[in-house]
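What follows is a set of notes on a single structure, which appears directly below.
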Amino acid sequence: VICDSTVGSLYGQQVASAIAAFRPCQLITFPAGEWNKTREEWQSLSDALLAAGFGRDAAVVALGGGVTGDLAGFVAATYLRGVPYIQVPTTLLAMIDSSIGGKTGVDTPHGKNLIGAFHQPRAVVADVATLKSLPKIHLAAGVAEALKHGAIADEEYFRWIVDAREQIFQKETATLAEAVSRSVRIKSEVVAADEREAGIRSILNFGHTIAHAIEAVSGYEVLHGEAVATGMVVEARLGTRLGITDAGTTDVIREAVMAFDLPIDPPDRPIHTYLEAMQRDKKTRGGTVRFAFLERLGKVARENTENWTTGATPKAIEEALEP
Ligand SMILES: NC(=O)c1ccc[n+]([C@@H]2O[C@H](COP(=O)([O-])OP(=O)(O)OC[C@H]3O[C@@H](n4cnc5c(N)ncnc54)[C@H](O)[C@@H]3O)[C@@H](O)[C@H]2O)c1
Ligand SMILES: [Zn+2]
């Protein structure tokens with residue numbers, strides 16, 4: 001069982017002893033936080049597995065948020081050329097998004113998730129009861145990805161999330177479970193259609209070209225979900241300026257983002273640092289920064305796109321970053 005130290009102190013022992021009833025099991029922890037989703041941490045976790053003498057009959061249980069899922073998943077993808085793993089997400093973000101789809105990896109000083117592998121978990125086990133201990137800011141960060149699912153695929157779901165604001169903040173079990181199941185359905189359908197992101201899977205990156213730049217520029221001080229919230233606002237505005245996204249979409253997204261106390265503006269840093277960070281984005285092709293734009297709320301733009309994404313000039317991006 002691999003988990004960060006925070007989740008380890010909350011649920012680590014419980015999960016490890018449950019597994020130990022069936023098979024030998026070891027609990028391995030690492031320091032919490034996005035800044036530990038690194039090659040160094042991948043190395044030390046892998047070394048811990050080697051030191052414990054785990055063979056190819058071992059399996060990894062990734063217990064925690066998206067950082068743990070991505071990192072422990074990447075350890076599983078590479079350990080002895082790959083061993084099975086199970087995702088046990090404990091943040092809303094991980095339950096509705098990062099535990100699904102098999103993307104694993106680590107960040108580098110050059111940018112987010114630049115080293116990694118596709119490695120599907122054998123199972124995902126999510127218990128919304130674990131969200132009771134999740135700090136409010138991380139709950140809101142998870143909502144950002146849920147809003148993204150609504151924005152790209154289901155306008156009614158988007159509006160349901162906004163209306164369910166109080167119940168979500170109260171951590172009502174039924175409401176959280178419904179959000180998890182609706183989001184998982186949307187994400188898994190897209191992933192099943194295009195596992196390796198040759199085309200339609202790119203629509204899950206709505207808001208993410210800007211988000212990844214915000215995360216990198218802020219030195220990962222801004223949470224992924226917070227950055228996605230801002231990224232959706234900026235990319236909706238950019239899409240409208242390019243004549244792709246219906247006017248009015250930005251306002252609806254901005255209000256939803258604000259309702260969950262998420263940021264609508266990027267941190268105040270020189271624009272050129274954002275443009276440089278975007279140059280290193282995985283979606284960049286031939287030096288052009290690419291985006292998955294909405295046509296309107298609930299529908300992603302397809303017409304006139306190149307495989308679901310569209311390039312934008314540095315000038316247009318700059319204008320969208322400065323409202
Ligand atoms: N693989 C994918 O497809 C995918 C998709 C979306 C996001 N991600 C990645 O996910 C990461 C963000 O995930 P995250 O927001 O879950 O961050 P995280 O894993 O850092 O968790 C957030 C914080 O909550 C704490 N925590 C976790 N569960 C808790 C609980 N039940 N109670 C109390 N505290 C708890 C953690 O210790 C951590 O401090 C980013 O690195 C992002 O790139 C990956
Ligand atoms: Zn994301």
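Starting from 1 in every chain, residues are counted up; chains themselves are A, B, ... following the order of the structure tokens, and ligands are numbered from 1 as listed.
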### Query
Any idea what's packed within 7 Å of region 299-303 of chain A, counting only C-alpha atoms, ignoring anything in its chain fewer than 2 positions away? Could you give it as a list of chain:residue names?
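Within the cut-off, the hits are A:Ala151, A:Ile152, A:Ala153, A:Ile203, A:Phe293, A:Leu294, A:Glu295, A:Arg296, A:Leu297, A:Thr305, A:Trp308.
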What are the closest atom pairs, with distances in Å to one decimal, for all residues of chain A lying within 12 Å of ligand 2? Consider only C-alpha atoms and all ligand atoms, order rows by chain and residue number, and present the result as a Markdown table.
```
| residue | atom | partner | partner_atom_place_in_ligand_line | distance |
| --- | --- | --- | --- | --- |
| A:Gly66 | CA | ligand 2 | 1 (Zn) | 9.2 |
| A:Val67 | CA | ligand 2 | 1 (Zn) | 11.3 |
| A:Asp70 | CA | ligand 2 | 1 (Zn) | 11.6 |
| A:Leu92 | CA | ligand 2 | 1 (Zn) | 11.9 |
| A:Leu93 | CA | ligand 2 | 1 (Zn) | 8.2 |
| A:Ala94 | CA | ligand 2 | 1 (Zn) | 9.5 |
| A:Met95 | CA | ligand 2 | 1 (Zn) | 12.0 |
| A:Ile96 | CA | ligand 2 | 1 (Zn) | 10.2 |
| A:Asp97 | CA | ligand 2 | 1 (Zn) | 7.2 |
| A:Ser98 | CA | ligand 2 | 1 (Zn) | 7.2 |
| A:Ser99 | CA | ligand 2 | 1 (Zn) | 11.0 |
| A:Ile100 | CA | ligand 2 | 1 (Zn) | 11.4 |
| A:Gly101 | CA | ligand 2 | 1 (Zn) | 11.8 |
| A:Lys103 | CA | ligand 2 | 1 (Zn) | 11.0 |
| A:Lys112 | CA | ligand 2 | 1 (Zn) | 10.8 |
| A:Asn113 | CA | ligand 2 | 1 (Zn) | 10.8 |
| A:Ala141 | CA | ligand 2 | 1 (Zn) | 9.6 |
| A:Gly142 | CA | ligand 2 | 1 (Zn) | 9.0 |
| A:Val143 | CA | ligand 2 | 1 (Zn) | 10.8 |
| A:Ala144 | CA | ligand 2 | 1 (Zn) | 8.5 |
| A:Glu145 | CA | ligand 2 | 1 (Zn) | 6.2 |
| A:Ala146 | CA | ligand 2 | 1 (Zn) | 9.7 |
| A:Leu147 | CA | ligand 2 | 1 (Zn) | 11.1 |
| A:Lys148 | CA | ligand 2 | 1 (Zn) | 8.8 |
| A:His149 | CA | ligand 2 | 1 (Zn) | 10.3 |
| A:Lys187 | CA | ligand 2 | 1 (Zn) | 11.3 |
| A:Ser202 | CA | ligand 2 | 1 (Zn) | 11.5 |
| A:Ile203 | CA | ligand 2 | 1 (Zn) | 11.3 |
| A:Leu204 | CA | ligand 2 | 1 (Zn) | 7.8 |
| A:Asn205 | CA | ligand 2 | 1 (Zn) | 7.1 |
| A:Phe206 | CA | ligand 2 | 1 (Zn) | 8.8 |
| A:Gly207 | CA | ligand 2 | 1 (Zn) | 8.3 |
| A:His208 | CA | ligand 2 | 1 (Zn) | 6.5 |
| A:Thr209 | CA | ligand 2 | 1 (Zn) | 10.1 |
| A:Ile210 | CA | ligand 2 | 1 (Zn) | 11.1 |
| A:Ala211 | CA | ligand 2 | 1 (Zn) | 8.2 |
| A:His212 | CA | ligand 2 | 1 (Zn) | 8.8 |
| A:Glu215 | CA | ligand 2 | 1 (Zn) | 11.2 |
| A:Leu223 | CA | ligand 2 | 1 (Zn) | 10.2 |
| A:His224 | CA | ligand 2 | 1 (Zn) | 6.5 |
| A:Gly225 | CA | ligand 2 | 1 (Zn) | 6.6 |
| A:Glu226 | CA | ligand 2 | 1 (Zn) | 9.7 |
| A:Ala227 | CA | ligand 2 | 1 (Zn) | 8.7 |
| A:Val228 | CA | ligand 2 | 1 (Zn) | 6.4 |
| A:Ala229 | CA | ligand 2 | 1 (Zn) | 9.7 |
| A:Thr230 | CA | ligand 2 | 1 (Zn) | 11.9 |
| A:Gly231 | CA | ligand 2 | 1 (Zn) | 10.2 |
| A:Met232 | CA | ligand 2 | 1 (Zn) | 10.9 |
```
Could you please take those selected residues and save C-alpha atoms as a PDB file, in the first residue's frame?
```pdb
ATOM      1  CA  GLY A  66      -4.373  12.186  -7.383  1.00  0.00           C
ATOM      2  CA  VAL A  67      -0.748  12.728  -6.442  1.00  0.00           C
ATOM      3  CA  ASP A  70      -0.280   9.159 -10.411  1.00  0.00           C
ATOM      4  CA  LEU A  92     -13.056  14.009  -4.595  1.00  0.00           C
ATOM      5  CA  LEU A  93     -10.708  14.859  -7.451  1.00  0.00           C
ATOM      6  CA  ALA A  94      -9.203  11.385  -7.438  1.00  0.00           C
ATOM      7  CA  MET A  95     -12.601   9.672  -7.157  1.00  0.00           C
ATOM      8  CA  ILE A  96     -14.181  11.522 -10.059  1.00  0.00           C
ATOM      9  CA  ASP A  97     -11.192  11.940 -12.305  1.00  0.00           C
ATOM     10  CA  SER A  98      -7.599  10.916 -11.703  1.00  0.00           C
ATOM     11  CA  SER A  99      -8.231   7.311 -10.610  1.00  0.00           C
ATOM     12  CA  ILE A 100      -9.985   6.621 -13.923  1.00  0.00           C
ATOM     13  CA  GLY A 101      -8.217   6.231 -17.246  1.00  0.00           C
ATOM     14  CA  LYS A 103      -2.643   7.943 -16.839  1.00  0.00           C
ATOM     15  CA  LYS A 112       3.482  18.681 -15.326  1.00  0.00           C
ATOM     16  CA  ASN A 113       3.158  14.964 -15.973  1.00  0.00           C
ATOM     17  CA  ALA A 141     -10.635  21.474  -6.186  1.00  0.00           C
ATOM     18  CA  GLY A 142     -12.428  18.220  -6.972  1.00  0.00           C
ATOM     19  CA  VAL A 143     -15.588  20.097  -7.912  1.00  0.00           C
ATOM     20  CA  ALA A 144     -13.565  21.943 -10.576  1.00  0.00           C
ATOM     21  CA  GLU A 145     -13.008  18.666 -12.470  1.00  0.00           C
ATOM     22  CA  ALA A 146     -16.692  17.756 -12.022  1.00  0.00           C
ATOM     23  CA  LEU A 147     -17.683  21.120 -13.536  1.00  0.00           C
ATOM     24  CA  LYS A 148     -15.304  20.318 -16.376  1.00  0.00           C
ATOM     25  CA  HIS A 149     -17.119  17.041 -17.050  1.00  0.00           C
ATOM     26  CA  LYS A 187     -14.835  10.212 -18.068  1.00  0.00           C
ATOM     27  CA  SER A 202      -8.216  15.473 -25.556  1.00  0.00           C
ATOM     28  CA  ILE A 203     -11.606  16.945 -24.643  1.00  0.00           C
ATOM     29  CA  LEU A 204     -10.870  16.027 -21.021  1.00  0.00           C
ATOM     30  CA  ASN A 205      -8.114  18.634 -21.263  1.00  0.00           C
ATOM     31  CA  PHE A 206     -10.579  21.526 -21.408  1.00  0.00           C
ATOM     32  CA  GLY A 207      -9.106  24.180 -19.084  1.00  0.00           C
ATOM     33  CA  HIS A 208      -5.895  22.214 -18.743  1.00  0.00           C
ATOM     34  CA  THR A 209      -3.543  23.989 -21.164  1.00  0.00           C
ATOM     35  CA  ILE A 210      -3.890  27.108 -19.026  1.00  0.00           C
ATOM     36  CA  ALA A 211      -4.111  25.060 -15.792  1.00  0.00           C
ATOM     37  CA  HIS A 212      -0.816  23.278 -16.308  1.00  0.00           C
ATOM     38  CA  GLU A 215       0.635  25.156 -11.792  1.00  0.00           C
ATOM     39  CA  LEU A 223      -3.731  23.250  -6.505  1.00  0.00           C
ATOM     40  CA  HIS A 224      -4.474  21.335  -9.694  1.00  0.00           C
ATOM     41  CA  GLY A 225      -8.243  21.749  -9.262  1.00  0.00           C
ATOM     42  CA  GLU A 226      -7.893  25.472  -8.552  1.00  0.00           C
ATOM     43  CA  ALA A 227      -5.792  25.859 -11.699  1.00  0.00           C
ATOM     44  CA  VAL A 228      -8.385  23.930 -13.725  1.00  0.00           C
ATOM     45  CA  ALA A 229     -11.116  26.278 -12.463  1.00  0.00           C
ATOM     46  CA  THR A 230      -9.182  29.331 -13.653  1.00  0.00           C
ATOM     47  CA  GLY A 231      -8.156  27.507 -16.828  1.00  0.00           C
ATOM     48  CA  MET A 232     -11.787  26.875 -17.802  1.00  0.00           C
TER      49      MET A 232
END
```
### Thr173 (chain A) surroundings by only C-alpha atoms, 12 Å radius, close-in-sequence under 5 positions cut, as an MDAnalysis selection string
chainID A and resid 92 127:132 167:168 178:180
### Message
Considering only C-alpha atoms, can you say which of A:Asp268, A:Glu40, A:Gln170, A:Gly73 comes closest to Lys136 (chain A)?
### Response
A:Gln170
#### Entry: Using only C-alpha atoms and all ligand atoms: which of A:Phe22, A:Trp160, A:Tyr220, A:Phe260 has the shortest distance to ligand 1
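Smallest distance to ligand 1 is found for A:Tyr220.
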### Query
Which is closest to Gly243 (chain A) among A:Asn304, A:Leu50, A:Ala213, A:Asp107, if we use only C-alpha atoms?
A:Asn304
Based on DSSP run over this structure's backbone, return all residues of region 44-216 of chain A in strand (DSSP E), as an mmCIF file with all heavy atoms, in the first residue's frame.
```cif
data_model
loop_
_atom_site.group_PDB
_atom_site.id
_atom_site.type_symbol
_atom_site.label_atom_id
_atom_site.label_comp_id
_atom_site.auth_asym_id
_atom_site.auth_seq_id
_atom_site.Cartn_x
_atom_site.Cartn_y
_atom_site.Cartn_z
ATOM 1 N N VAL A 60 0.344 -3.200 -6.324
ATOM 2 C CA VAL A 60 0.394 -1.925 -5.598
ATOM 3 C C VAL A 60 -1.027 -1.445 -5.339
ATOM 4 O O VAL A 60 -1.882 -1.517 -6.227
ATOM 5 C CB VAL A 60 1.166 -0.865 -6.423
ATOM 6 C CG1 VAL A 60 1.046 0.512 -5.792
ATOM 7 C CG2 VAL A 60 2.633 -1.262 -6.580
ATOM 8 N N VAL A 61 -1.272 -0.958 -4.140
ATOM 9 C CA VAL A 61 -2.536 -0.287 -3.835
ATOM 10 C C VAL A 61 -2.209 1.195 -3.648
ATOM 11 O O VAL A 61 -1.432 1.555 -2.767
ATOM 12 C CB VAL A 61 -3.194 -0.860 -2.557
ATOM 13 C CG1 VAL A 61 -4.433 -0.050 -2.190
ATOM 14 C CG2 VAL A 61 -3.550 -2.329 -2.763
ATOM 15 N N ALA A 62 -2.755 2.033 -4.534
ATOM 16 C CA ALA A 62 -2.522 3.480 -4.446
ATOM 17 C C ALA A 62 -3.639 4.081 -3.616
ATOM 18 O O ALA A 62 -4.768 4.241 -4.094
ATOM 19 C CB ALA A 62 -2.498 4.101 -5.839
ATOM 20 N N LEU A 63 -3.333 4.406 -2.370
ATOM 21 C CA LEU A 63 -4.347 4.893 -1.425
ATOM 22 C C LEU A 63 -4.152 6.387 -1.204
ATOM 23 O O LEU A 63 -3.173 6.805 -0.590
ATOM 24 C CB LEU A 63 -4.191 4.142 -0.092
ATOM 25 C CG LEU A 63 -4.985 4.663 1.111
ATOM 26 C CD1 LEU A 63 -6.482 4.438 0.929
ATOM 27 C CD2 LEU A 63 -4.500 3.991 2.400
ATOM 28 N N GLY A 64 -5.061 7.218 -1.743
ATOM 29 C CA GLY A 64 -4.930 8.657 -1.511
ATOM 30 C C GLY A 64 -5.492 9.486 -2.646
ATOM 31 O O GLY A 64 -6.372 9.052 -3.391
ATOM 32 N N TYR A 85 -2.033 -2.787 -10.319
ATOM 33 C CA TYR A 85 -2.312 -1.900 -9.187
ATOM 34 C C TYR A 85 -3.803 -1.606 -9.080
ATOM 35 O O TYR A 85 -4.556 -1.792 -10.031
ATOM 36 C CB TYR A 85 -1.481 -0.615 -9.252
ATOM 37 C CG TYR A 85 -1.944 0.441 -10.232
ATOM 38 C CD1 TYR A 85 -2.349 1.704 -9.799
ATOM 39 C CD2 TYR A 85 -1.966 0.181 -11.600
ATOM 40 C CE1 TYR A 85 -2.756 2.682 -10.691
ATOM 41 C CE2 TYR A 85 -2.375 1.155 -12.498
ATOM 42 C CZ TYR A 85 -2.766 2.402 -12.038
ATOM 43 O OH TYR A 85 -3.172 3.363 -12.922
ATOM 44 N N ILE A 86 -4.169 -1.192 -7.878
ATOM 45 C CA ILE A 86 -5.565 -0.842 -7.572
ATOM 46 C C ILE A 86 -5.586 0.595 -7.065
ATOM 47 O O ILE A 86 -4.724 0.990 -6.276
ATOM 48 C CB ILE A 86 -6.136 -1.805 -6.508
ATOM 49 C CG1 ILE A 86 -6.290 -3.205 -7.119
ATOM 50 C CG2 ILE A 86 -7.479 -1.304 -5.971
ATOM 51 C CD1 ILE A 86 -6.716 -4.265 -6.118
ATOM 52 N N GLN A 87 -6.528 1.366 -7.559
ATOM 53 C CA GLN A 87 -6.676 2.743 -7.082
ATOM 54 C C GLN A 87 -7.704 2.778 -5.949
ATOM 55 O O GLN A 87 -8.827 2.287 -6.125
ATOM 56 C CB GLN A 87 -7.202 3.641 -8.205
ATOM 57 C CG GLN A 87 -6.239 3.855 -9.357
ATOM 58 C CD GLN A 87 -5.334 5.063 -9.138
ATOM 59 O OE1 GLN A 87 -5.165 5.555 -8.026
ATOM 60 N NE2 GLN A 87 -4.730 5.531 -10.217
ATOM 61 N N VAL A 88 -7.307 3.341 -4.818
ATOM 62 C CA VAL A 88 -8.261 3.582 -3.735
ATOM 63 C C VAL A 88 -8.252 5.091 -3.456
ATOM 64 O O VAL A 88 -7.546 5.583 -2.582
ATOM 65 C CB VAL A 88 -7.916 2.779 -2.466
ATOM 66 C CG1 VAL A 88 -9.014 2.957 -1.408
ATOM 67 C CG2 VAL A 88 -7.747 1.297 -2.793
ATOM 68 N N PRO A 89 -9.007 5.857 -4.273
ATOM 69 C CA PRO A 89 -8.971 7.320 -4.168
ATOM 70 C C PRO A 89 -9.636 7.831 -2.901
ATOM 71 O O PRO A 89 -10.686 7.310 -2.500
ATOM 72 C CB PRO A 89 -9.743 7.772 -5.413
ATOM 73 C CG PRO A 89 -10.647 6.628 -5.749
ATOM 74 C CD PRO A 89 -9.899 5.386 -5.356
ATOM 75 N N LYS A 103 -3.806 7.057 -16.661
ATOM 76 C CA LYS A 103 -2.643 7.943 -16.839
ATOM 77 C C LYS A 103 -1.869 7.986 -15.521
ATOM 78 O O LYS A 103 -2.423 8.332 -14.482
ATOM 79 C CB LYS A 103 -3.093 9.358 -17.194
ATOM 80 C CG LYS A 103 -3.464 9.535 -18.646
ATOM 81 C CD LYS A 103 -3.635 11.023 -18.944
ATOM 82 C CE LYS A 103 -4.057 11.247 -20.386
ATOM 83 N NZ LYS A 103 -4.300 12.688 -20.659
ATOM 84 N N THR A 104 -0.589 7.643 -15.587
ATOM 85 C CA THR A 104 0.266 7.700 -14.403
ATOM 86 C C THR A 104 1.496 8.525 -14.752
ATOM 87 O O THR A 104 1.833 8.663 -15.929
ATOM 88 C CB THR A 104 0.735 6.291 -13.967
ATOM 89 O OG1 THR A 104 1.719 5.826 -14.901
ATOM 90 C CG2 THR A 104 -0.419 5.305 -13.908
ATOM 91 N N GLY A 105 2.160 9.080 -13.749
ATOM 92 C CA GLY A 105 3.372 9.820 -14.074
ATOM 93 C C GLY A 105 3.779 10.806 -12.998
ATOM 94 O O GLY A 105 3.162 10.882 -11.934
ATOM 95 N N VAL A 106 4.845 11.524 -13.324
ATOM 96 C CA VAL A 106 5.410 12.496 -12.382
ATOM 97 C C VAL A 106 5.652 13.838 -13.082
ATOM 98 O O VAL A 106 5.694 13.913 -14.314
ATOM 99 C CB VAL A 106 6.749 11.988 -11.789
ATOM 100 C CG1 VAL A 106 6.525 10.761 -10.905
ATOM 101 C CG2 VAL A 106 7.763 11.678 -12.886
ATOM 102 N N ASP A 107 5.803 14.877 -12.277
ATOM 103 C CA ASP A 107 6.126 16.210 -12.794
ATOM 104 C C ASP A 107 7.653 16.353 -12.905
ATOM 105 O O ASP A 107 8.397 15.603 -12.263
ATOM 106 C CB ASP A 107 5.614 17.291 -11.833
ATOM 107 C CG ASP A 107 4.110 17.191 -11.576
ATOM 108 O OD1 ASP A 107 3.389 16.695 -12.469
ATOM 109 O OD2 ASP A 107 3.669 17.623 -10.494
ATOM 110 N N THR A 108 8.087 17.308 -13.707
ATOM 111 C CA THR A 108 9.514 17.634 -13.778
ATOM 112 C C THR A 108 9.621 19.162 -13.731
ATOM 113 O O THR A 108 8.622 19.853 -13.911
ATOM 114 C CB THR A 108 10.175 17.146 -15.087
ATOM 115 O OG1 THR A 108 9.878 18.098 -16.116
ATOM 116 C CG2 THR A 108 9.690 15.769 -15.497
ATOM 117 N N GLY A 111 7.765 20.834 -16.466
ATOM 118 C CA GLY A 111 6.310 20.897 -16.542
ATOM 119 C C GLY A 111 5.658 19.684 -15.928
ATOM 120 O O GLY A 111 6.324 18.751 -15.467
ATOM 121 N N LYS A 112 4.302 19.707 -15.971
ATOM 122 C CA LYS A 112 3.482 18.681 -15.326
ATOM 123 C C LYS A 112 3.441 17.381 -16.108
ATOM 124 O O LYS A 112 3.315 17.387 -17.336
ATOM 125 C CB LYS A 112 2.032 19.196 -15.292
ATOM 126 C CG LYS A 112 1.767 20.240 -14.266
ATOM 127 C CD LYS A 112 1.241 19.683 -12.981
ATOM 128 C CE LYS A 112 -0.011 18.830 -13.147
ATOM 129 N NZ LYS A 112 -0.364 18.182 -11.874
ATOM 130 N N ASN A 113 3.466 16.285 -15.397
ATOM 131 C CA ASN A 113 3.158 14.964 -15.973
ATOM 132 C C ASN A 113 3.961 14.638 -17.226
ATOM 133 O O ASN A 113 3.466 13.969 -18.117
ATOM 134 C CB ASN A 113 1.659 14.876 -16.343
ATOM 135 C CG ASN A 113 0.747 15.147 -15.166
ATOM 136 O OD1 ASN A 113 1.092 14.908 -14.017
ATOM 137 N ND2 ASN A 113 -0.437 15.675 -15.442
ATOM 138 N N LEU A 114 5.197 15.141 -17.311
ATOM 139 C CA LEU A 114 5.928 14.969 -18.572
ATOM 140 C C LEU A 114 6.605 13.607 -18.684
ATOM 141 O O LEU A 114 6.989 13.183 -19.770
ATOM 142 C CB LEU A 114 6.955 16.101 -18.756
ATOM 143 C CG LEU A 114 6.317 17.491 -18.963
ATOM 144 C CD1 LEU A 114 7.384 18.561 -19.141
ATOM 145 C CD2 LEU A 114 5.373 17.495 -20.166
ATOM 146 N N ILE A 115 6.758 12.917 -17.571
ATOM 147 C CA ILE A 115 7.319 11.558 -17.596
ATOM 148 C C ILE A 115 6.251 10.624 -17.026
ATOM 149 O O ILE A 115 5.757 10.852 -15.924
ATOM 150 C CB ILE A 115 8.582 11.459 -16.700
ATOM 151 C CG1 ILE A 115 9.626 12.516 -17.076
ATOM 152 C CG2 ILE A 115 9.161 10.045 -16.734
ATOM 153 C CD1 ILE A 115 10.407 12.247 -18.331
ATOM 154 N N GLY A 116 5.860 9.617 -17.797
ATOM 155 C CA GLY A 116 4.813 8.749 -17.265
ATOM 156 C C GLY A 116 4.486 7.605 -18.197
ATOM 157 O O GLY A 116 5.201 7.345 -19.168
ATOM 158 N N ALA A 117 3.408 6.925 -17.887
ATOM 159 C CA ALA A 117 2.998 5.761 -18.672
ATOM 160 C C ALA A 117 1.490 5.591 -18.580
ATOM 161 O O ALA A 117 0.877 6.015 -17.600
ATOM 162 C CB ALA A 117 3.679 4.504 -18.126
ATOM 163 N N PHE A 118 0.927 4.978 -19.608
ATOM 164 C CA PHE A 118 -0.458 4.529 -19.498
ATOM 165 C C PHE A 118 -0.434 3.171 -18.815
ATOM 166 O O PHE A 118 0.274 2.263 -19.259
ATOM 167 C CB PHE A 118 -1.088 4.380 -20.891
ATOM 168 C CG PHE A 118 -1.420 5.690 -21.549
ATOM 169 C CD1 PHE A 118 -0.582 6.242 -22.506
ATOM 170 C CD2 PHE A 118 -2.589 6.361 -21.229
ATOM 171 C CE1 PHE A 118 -0.895 7.449 -23.123
ATOM 172 C CE2 PHE A 118 -2.913 7.568 -21.850
ATOM 173 C CZ PHE A 118 -2.058 8.109 -22.796
ATOM 174 N N ALA A 123 -8.637 -2.305 -10.617
ATOM 175 C CA ALA A 123 -9.905 -1.925 -9.996
ATOM 176 C C ALA A 123 -9.759 -0.547 -9.379
ATOM 177 O O ALA A 123 -8.645 -0.095 -9.107
ATOM 178 C CB ALA A 123 -10.281 -2.940 -8.920
ATOM 179 N N VAL A 124 -10.886 0.135 -9.217
ATOM 180 C CA VAL A 124 -10.927 1.407 -8.489
ATOM 181 C C VAL A 124 -11.958 1.253 -7.381
ATOM 182 O O VAL A 124 -13.098 0.870 -7.649
ATOM 183 C CB VAL A 124 -11.328 2.581 -9.412
ATOM 184 C CG1 VAL A 124 -11.333 3.889 -8.630
ATOM 185 C CG2 VAL A 124 -10.411 2.664 -10.626
#
```
#### Entry: Residues of region 31-223 of chain A in alpha helix (DSSP H), written as a ChimeraX atom specification
/A:39-52,66-78,92-93,136-153,155-163,165-169,173-193,208-217
